[in-house]
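Chemist: Supplied structure: protein05.txt, compact mmCIF, C-alpha atoms.
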# COMPACT_ATOMS: atom_id res chain seq x y z
CA MET A 21 41.03 -55.97 28.13
CA SER A 22 40.40 -52.24 27.88
CA ALA A 23 36.74 -51.10 28.06
CA ARG A 24 37.26 -48.76 25.09
CA CYS A 25 39.08 -48.80 21.81
CA SER A 26 39.50 -46.32 18.95
CA LEU A 27 37.90 -46.49 15.51
CA VAL A 28 38.46 -44.13 12.59
CA VAL A 29 35.26 -43.20 10.64
CA ASN A 30 35.42 -40.74 7.74
CA GLY A 31 38.85 -39.65 8.92
CA LYS A 32 37.65 -38.91 12.49
CA SER A 33 38.46 -40.91 15.63
CA VAL A 34 35.49 -42.49 17.44
CA ARG A 35 35.66 -44.02 20.92
CA VAL A 36 33.91 -47.40 21.05
CA SER A 37 32.74 -48.93 24.32
CA THR A 38 32.73 -52.63 24.98
CA GLY A 39 29.51 -54.11 23.63
CA ASP A 40 28.91 -51.34 21.08
CA THR A 41 29.03 -52.17 17.43
CA PRO A 42 31.04 -49.78 15.23
CA LEU A 43 27.75 -48.63 13.63
CA GLU A 44 26.24 -47.69 16.99
CA ALA A 45 29.36 -45.78 17.99
CA ALA A 46 29.38 -43.81 14.75
CA LEU A 47 25.67 -42.97 15.13
CA ALA A 48 26.19 -41.85 18.74
CA ASP A 49 28.94 -39.43 17.77
CA GLY A 50 27.00 -38.10 14.81
CA MET A 51 29.47 -39.36 12.23
CA ILE A 52 26.70 -40.84 10.10
CA ALA A 53 22.92 -40.34 9.89
CA PRO A 54 20.49 -43.09 10.93
CA ALA A 55 18.99 -45.12 8.09
CA PRO A 56 15.79 -47.19 7.89
CA GLY A 57 16.10 -50.69 9.35
CA LEU A 58 16.19 -53.84 7.35
CA ASN A 59 13.04 -54.80 5.42
CA GLY A 60 11.76 -51.21 6.00
CA GLN A 61 10.65 -51.92 9.57
CA GLY A 62 11.44 -48.80 11.58
CA ALA A 63 14.67 -46.91 12.04
CA GLY A 64 18.12 -48.31 12.61
CA PRO A 65 19.72 -48.62 16.04
CA ALA A 66 19.12 -45.58 18.22
CA PRO A 67 22.21 -43.69 19.50
CA ARG A 68 23.25 -44.85 22.95
CA ARG A 69 25.02 -41.59 23.81
CA ALA A 70 24.20 -37.93 23.28
CA GLN A 71 26.15 -36.01 20.70
CA THR A 72 29.62 -34.90 21.67
CA ARG A 73 30.15 -31.47 23.25
CA ALA A 74 31.58 -30.04 20.03
CA HIS A 75 28.45 -30.89 18.07
CA ARG A 76 26.10 -29.58 20.79
CA SER A 77 27.83 -26.20 21.16
CA GLU A 78 27.99 -25.63 17.42
CA SER A 79 24.27 -26.36 17.08
CA VAL A 80 23.35 -23.91 19.86
CA LYS A 81 25.36 -21.08 18.34
CA LEU A 82 23.63 -21.47 15.00
CA SER A 83 20.03 -21.87 16.10
CA LEU A 84 19.45 -20.02 19.38
CA PRO A 85 19.96 -16.42 20.47
CA ARG A 86 22.42 -15.70 23.28
CA ALA A 87 19.71 -14.12 25.41
CA SER A 88 18.00 -16.23 28.04
CA GLY A 89 14.61 -16.19 26.27
CA ILE A 90 14.16 -18.27 23.15
CA GLU A 91 12.06 -16.59 20.50
CA ALA A 92 10.04 -18.47 17.93
CA PRO A 93 11.42 -18.13 14.41
CA ARG A 94 9.88 -15.29 12.46
CA PRO A 95 8.35 -15.99 9.07
CA LEU A 96 10.43 -14.96 6.11
CA VAL A 97 8.91 -11.95 4.34
CA LEU A 98 9.89 -11.78 0.72
CA PRO A 99 9.83 -8.43 -1.10
CA THR A 100 6.79 -7.95 -3.29
CA ARG A 101 7.58 -7.82 -6.96
CA PRO A 102 6.42 -4.58 -8.61
CA VAL A 103 3.34 -4.91 -10.75
CA ALA A 104 4.22 -4.81 -14.42
CA ALA A 105 2.72 -1.95 -16.40
CA GLN A 106 -0.27 -2.98 -18.48
CA LYS A 107 -1.83 -1.35 -21.51
CA ARG A 108 -5.55 -1.00 -22.12
CA THR A 109 -7.83 0.80 -24.52
CA GLY A 110 -11.24 2.26 -23.78
CA THR A 111 -13.75 4.98 -24.47
CA VAL A 112 -15.28 7.82 -22.50
CA THR A 113 -18.71 6.69 -21.27
CA GLU A 114 -19.62 9.39 -18.75
CA ILE A 115 -18.94 13.09 -18.26
CA SER A 116 -20.59 14.84 -15.32
CA SER A 117 -20.07 17.92 -13.18
CA LEU A 118 -19.04 17.57 -9.54
CA GLY A 119 -18.77 21.29 -8.87
CA PRO A 120 -18.17 24.64 -10.55
CA HIS A 121 -14.54 23.73 -11.24
CA THR A 122 -14.57 19.92 -11.11
CA VAL A 123 -15.65 17.35 -13.67
CA GLN A 124 -15.99 13.58 -13.34
CA VAL A 125 -14.96 11.42 -16.30
CA VAL A 126 -15.57 7.68 -16.56
CA VAL A 127 -13.61 5.58 -19.04
CA THR A 128 -14.83 2.05 -19.79
CA ILE A 129 -11.96 -0.23 -20.77
CA THR A 130 -11.97 -3.47 -22.73
CA ARG A 131 -10.35 -5.48 -19.95
CA ARG A 132 -9.85 -4.87 -16.23
CA LEU A 133 -6.66 -3.07 -15.21
CA ALA A 134 -5.01 -4.44 -12.05
CA LEU A 135 -4.52 -1.46 -9.73
CA GLU A 136 -4.09 -0.89 -6.01
CA PRO A 137 -5.95 2.00 -4.34
CA GLY A 138 -3.84 5.11 -4.89
CA HIS A 139 -2.11 3.89 -8.03
CA GLN A 140 -2.03 6.18 -11.06
CA VAL A 141 -2.23 5.58 -14.81
CA VAL A 142 -0.97 7.39 -17.88
CA ALA A 143 -4.02 8.29 -19.99
CA THR A 144 -3.85 9.44 -23.59
CA PHE A 145 -7.11 10.85 -24.90
CA GLU A 146 -6.96 10.75 -28.69
CA GLY A 147 -5.67 14.05 -30.02
CA PHE A 148 -4.22 15.14 -26.65
CA GLU A 149 -0.92 14.76 -24.83
CA PRO A 150 -0.58 11.95 -22.23
CA VAL A 151 -1.45 12.89 -18.65
CA THR A 152 -1.02 11.06 -15.36
CA LEU A 153 -4.37 10.55 -13.63
CA SER A 154 -5.55 8.87 -10.43
CA PRO A 155 -8.35 6.31 -10.86
CA THR A 156 -10.86 6.50 -8.05
CA LEU A 157 -14.53 5.86 -7.25
CA ARG A 158 -17.60 7.97 -7.70
CA VAL A 159 -18.28 10.03 -4.62
CA ASP A 160 -21.01 7.54 -3.64
CA GLY A 161 -18.39 4.76 -3.73
CA SER A 162 -19.57 3.02 -6.90
CA ALA A 163 -17.45 1.81 -9.82
CA GLU A 164 -17.48 -1.23 -12.08
CA LEU A 165 -14.44 -3.48 -12.53
CA ASN A 166 -13.99 -2.32 -16.12
CA GLU A 167 -14.43 1.38 -15.29
CA LEU A 168 -11.83 3.98 -14.44
CA VAL A 169 -13.29 7.03 -12.71
CA PHE A 170 -11.34 10.30 -12.77
CA HIS A 171 -11.85 13.64 -11.02
CA LEU A 172 -10.48 16.53 -13.09
CA ARG A 173 -10.13 20.15 -12.12
CA LEU A 174 -11.15 22.91 -14.50
CA ALA A 175 -8.42 25.53 -14.63
CA HIS A 176 -9.57 29.09 -13.94
CA ASP A 177 -7.86 30.37 -17.10
CA GLY A 178 -9.94 28.05 -19.29
CA THR A 179 -7.01 25.91 -20.37
CA GLY A 180 -6.08 22.32 -19.55
CA LEU A 181 -7.54 18.92 -20.28
CA GLY A 182 -10.60 19.36 -18.06
CA HIS A 183 -12.09 22.04 -20.32
CA ALA A 184 -11.93 19.72 -23.32
CA PHE A 185 -14.61 17.41 -21.92
CA GLY A 186 -18.00 18.11 -23.43
CA GLU A 187 -16.31 19.99 -26.28
CA SER A 188 -13.31 18.38 -27.98
CA ILE A 189 -13.75 15.23 -25.91
CA ASP A 190 -17.24 13.75 -25.83
CA LEU A 191 -18.77 10.34 -25.20
CA ASP A 192 -17.17 7.41 -27.05
CA HIS A 193 -13.89 9.31 -27.34
CA PRO A 194 -11.00 6.78 -27.62
CA VAL A 195 -8.51 6.54 -24.75
CA LYS A 196 -5.27 4.61 -24.29
CA LEU A 197 -4.15 3.78 -20.77
CA LYS A 198 -0.96 2.44 -19.23
CA GLY A 199 -0.44 1.55 -15.63
CA PRO A 200 -0.06 1.23 -12.77
CA VAL A 201 2.43 4.01 -12.10
CA GLY A 202 3.42 5.78 -8.89
CA ARG A 203 4.21 4.64 -5.36
CA GLY A 204 1.41 6.34 -3.46
CA PHE A 205 -0.77 3.22 -3.30
CA TYR A 206 -2.27 1.89 -0.06
CA ARG A 207 -0.26 -0.50 2.09
CA PRO A 208 -2.26 -2.37 4.76
CA GLY A 209 -0.69 -2.37 8.21
CA SER A 210 -0.63 -0.62 11.55
CA GLY A 211 -0.07 2.97 12.58
CA ARG A 212 -2.41 5.89 12.25
CA LEU A 213 -3.40 6.66 8.68
CA VAL A 214 -3.25 10.40 7.88
CA LEU A 215 -4.86 11.19 4.53
CA VAL A 216 -4.46 14.69 3.07
CA ALA A 217 -6.15 15.80 -0.16
CA ALA A 218 -6.07 19.15 -1.92
CA GLU A 219 -8.71 19.77 -4.60
CA THR A 220 -8.98 16.78 -6.96
CA GLY A 221 -6.20 15.12 -5.00
CA PHE A 222 -9.19 13.66 -3.21
CA ALA A 223 -9.44 11.10 -6.03
CA PRO A 224 -6.60 8.82 -4.85
CA ILE A 225 -7.25 9.65 -1.19
CA TRP A 226 -10.89 8.54 -1.52
CA SER A 227 -9.92 5.17 -2.99
CA ILE A 228 -7.30 4.68 -0.24
CA ALA A 229 -9.68 5.68 2.55
CA ARG A 230 -12.46 3.41 1.35
CA ALA A 231 -10.12 0.45 0.92
CA ALA A 232 -8.67 0.98 4.39
CA ARG A 233 -12.13 0.90 5.99
CA TYR A 234 -12.68 -2.56 4.48
CA ILE A 235 -9.17 -3.98 4.89
CA ASP A 236 -8.19 -2.44 8.27
CA PRO A 237 -11.49 -1.33 9.86
CA ALA A 238 -9.88 -0.89 13.29
CA ARG A 239 -7.07 1.32 12.00
CA GLU A 240 -7.09 4.89 13.26
CA MET A 241 -7.65 7.35 10.43
CA THR A 242 -7.52 11.11 10.01
CA VAL A 243 -8.85 12.61 6.77
CA MET A 244 -8.16 16.20 5.70
CA VAL A 245 -9.51 17.76 2.51
CA GLY A 246 -9.26 21.28 1.21
CA ALA A 247 -10.10 23.54 -1.71
CA ARG A 248 -9.51 27.16 -2.55
CA ASP A 249 -13.24 27.71 -3.07
CA PRO A 250 -15.71 26.08 -0.65
CA LEU A 251 -17.97 25.37 -3.64
CA ASP A 252 -15.31 22.94 -4.88
CA LEU A 253 -15.66 20.71 -1.81
CA TYR A 254 -17.46 18.14 -3.96
CA MET A 255 -16.48 15.18 -1.79
CA ARG A 256 -19.13 15.62 0.93
CA PRO A 257 -21.03 12.35 0.14
CA ALA A 258 -17.76 10.44 0.44
CA LEU A 259 -16.95 12.12 3.76
CA ASP A 260 -20.42 11.26 5.04
CA TRP A 261 -19.75 7.60 4.21
CA LEU A 262 -16.47 7.70 6.11
CA ARG A 263 -18.19 9.21 9.15
CA ALA A 264 -20.86 6.50 9.01
CA THR A 265 -18.15 3.83 9.10
CA GLY A 266 -16.52 5.26 12.22
CA VAL A 267 -14.00 7.85 11.01
CA THR A 268 -14.37 10.65 13.55
CA ARG A 269 -11.40 12.84 12.62
CA ILE A 270 -12.36 14.57 9.36
CA VAL A 271 -11.20 18.14 8.71
CA VAL A 272 -12.51 20.24 5.81
CA VAL A 273 -10.63 23.43 4.87
CA SER A 274 -11.14 26.27 2.40
CA ASP A 275 -8.91 29.25 1.63
CA ARG A 276 -11.69 31.60 0.63
CA MET A 277 -14.26 32.90 3.06
CA ARG A 278 -17.03 33.35 0.47
CA GLN A 279 -19.98 31.05 1.17
CA ARG A 280 -17.90 29.03 3.62
CA PRO A 281 -20.13 26.82 5.80
CA PRO A 282 -19.46 26.91 9.56
CA GLU A 283 -17.91 23.43 9.63
CA VAL A 284 -15.33 24.37 6.98
CA ARG A 285 -12.18 25.76 8.54
CA PRO A 286 -10.31 28.72 7.02
CA GLY A 287 -6.71 28.68 5.84
CA PRO A 288 -4.36 26.19 4.16
CA LEU A 289 -4.49 22.47 4.83
CA THR A 290 -1.09 22.35 6.49
CA ALA A 291 -2.27 24.80 9.17
CA HIS A 292 -4.71 22.14 10.42
CA LEU A 293 -2.51 19.08 10.07
CA PRO A 294 -2.42 17.10 13.34
CA SER A 295 0.85 16.61 15.19
CA LEU A 296 2.48 13.76 13.37
CA ARG A 297 4.05 10.76 15.07
CA SER A 298 6.87 8.55 13.88
CA THR A 299 4.42 5.64 13.62
CA ASP A 300 2.04 7.53 11.30
CA VAL A 301 1.55 6.63 7.65
CA VAL A 302 0.78 9.73 5.59
CA HIS A 303 -0.74 9.83 2.11
CA VAL A 304 -0.94 13.27 0.52
CA ALA A 305 -2.26 14.15 -2.94
CA GLY A 306 -2.64 17.48 -4.67
CA ASP A 307 -0.60 20.40 -5.95
CA ALA A 308 3.16 20.67 -5.51
CA SER A 309 3.04 23.20 -2.65
CA THR A 310 0.66 21.13 -0.51
CA VAL A 311 2.44 17.85 -1.20
CA GLY A 312 5.88 19.37 -0.54
CA ALA A 313 4.82 20.97 2.74
CA VAL A 314 3.33 17.73 4.08
CA GLU A 315 6.41 15.77 3.01
CA VAL A 316 8.62 18.14 5.02
CA LEU A 317 6.43 17.85 8.11
CA ALA A 318 6.36 14.06 7.85
CA ALA A 319 10.13 13.86 7.42
CA ALA A 320 10.66 16.01 10.51
CA THR A 321 8.87 13.45 12.69
CA GLY A 322 10.02 10.30 10.91
CA ALA A 323 6.54 9.43 9.63
CA ARG A 324 6.29 7.46 6.41
CA CYS A 325 4.90 9.62 3.62
CA TYR A 326 3.56 8.55 0.22
CA PRO A 327 2.93 11.53 -2.07
CA VAL A 328 0.73 11.69 -5.16
CA LEU A 329 1.54 14.78 -7.17
CA LEU A 330 -1.15 15.81 -9.65
CA ASP A 331 -0.34 17.10 -13.11
CA THR A 332 -0.74 20.87 -13.38
CA GLY A 333 -4.34 21.79 -14.12
CA ILE A 334 -5.71 18.30 -13.42
Starting from the file, give its structure as structure tokens.
Modeler:
Amino acid sequence: MSARCSLVVNGKSVRVSTGDTPLEAALADGMIAPAPGLNGQGAGPAPRRAQTRAHRSESVKLSLPRASGIEAPRPLVLPTRPVAAQKRTGTVTEISSLGPHTVQVVVTITRRLALEPGHQVVATFEGFEPVTLSPTLRVDGSAELNELVFHLRLAHDGTGLGHAFGESIDLDHPVKLKGPVGRGFYRPGSGRLVLVAAETGFAPIWSIARAARYIDPAREMTVMVGARDPLDLYMRPALDWLRATGVTRIVVVSDRMRQRPPEVRPGPLTAHLPSLRSTDVVHVAGDASTVGAVEVLAAATGARCYPVLLDTGI
């Protein structure tokens, strides 16, 4: 008698050795999956042969790279869904001067607004046109969960929203807010963080810098701030906090020479920008000329750049 015979299972031929049951042969060739044994006591009969060559080669092609080293599977990273815009109402609860041309406005809202550092909001002060503003922290780093702190620039010609505070806009003035808006928010990760702020563009840069010191304390950071007038460098307490937490590369720039302290460098911000690397992550906030120039420099080196363009006169 022959030691083998043929058996057809699910339309496929299976070779059966003498002494094997048809079930064992089908399990050995992978025709059917093992099932629990009778009365629930363990698995069914174990395969007595390895899978056929066809099944082994197909499995290898699907699960392993062709290179000699076998890498562990990487976790699947799903794209983050954008945060839906939310609407809030509030009132002005604080108006204070940060410098000769800068005012700080605090709006207390009825319910917390979910924002990432660097996000913006559309604010409509009753009786005025909507403006896009950057919520931040006070220069000492304080802010309550239901507060939105804004840094506004006073235009030299006496126009703009900033000049309305203390006159047309006083305490308890109603405000409507919608946000978040913009894509300049902070993204934790690796690579040197290059933060560039012109004038009140320091508002989003300050919130990003402070968050980064808590979230990624070992991340290399360069901070550059500038103003046309050295008297408008209102962010010194915030810069002192960054230095105390280990940020050693902080550059302060002013266009005008009048009353310029020795540590403040002359000229435009872009003249003092460090040589960018392709691994850098750049956040820049301010007027169109500063933001545009930094974007061009970042693009030339392949660095990622997240701009925050301020409304004119804000």
Chemist: For Leu293 in chain A, find every residue with an atom within 12 Å (counting only C-alpha atoms), except residues of its own chain fewer than 2 positions away, and show them as a PyMOL selection string.
Modeler: chain A and resi 214-217+242-246+269-273+285+287-291+295-297+302+304+310+313-315+317-318
Chemist: Counting all atoms listed in the file, give me one row per residue of range 136-235 of chain A with an atom at most 9 Å from an atom of range 114-120 of chain A, showing the shortest contact pair and its distance in Å to one decimal, sorted by chain then residue number, as a tab-separated table.
Modeler:
residue	atom	partner	partner_atom	distance
A:His171	CA	A:Leu118	CA	8.3
A:Leu174	CA	A:Pro120	CA	8.2
A:Phe185	CA	A:Ile115	CA	7.1
A:Gly186	CA	A:Ile115	CA	7.3
A:Asp190	CA	A:Ile115	CA	7.8
A:Leu191	CA	A:Glu114	CA	6.6
A:Asp192	CA	A:Glu114	CA	8.9
Chemist: Would you work out the distance separating CA of Leu172 in chain A from CA of Gln124 in chain A, expressed in Å to one decimal?
Modeler: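 Those two atoms sit 6.3 Å apart.
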Chemist: As a list in words, please: the residues near Thr111 in chain A (cut-off 7 Å, only C-alpha atoms, same-chain neighbours under 6 positions excluded).
Modeler: Val127, Thr128, Ile129, Asp192, His193, Pro194 and Val195 of chain A
Chemist: Just checking: using all atoms listed in the file, which residue out of A:Val112, A:Ala104, A:Val301, A:Ala184 ends up closest to Thr321 in chain A?
Modeler: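 Of A:Val112, A:Ala104, A:Val301, A:Ala184, the one nearest Thr321 in chain A is A:Val301, counting all atoms listed in the file.
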Chemist: Ranking A:Ala320, A:Leu197, A:Ala163, A:Ala264 by minimum distance to Thr130 in chain A and counting only C-alpha atoms, which one comes first?
Modeler: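 Using only C-alpha atoms, Thr130 in chain A sits closest to A:Leu197.
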Chemist: Measure the distance from CA of Ala231 in chain A to CA of Pro150 in chain A in Å and round it to one decimal.
Modeler: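 Separating CA of Ala231 in chain A from CA of Pro150 in chain A is a distance of 27.6 Å.
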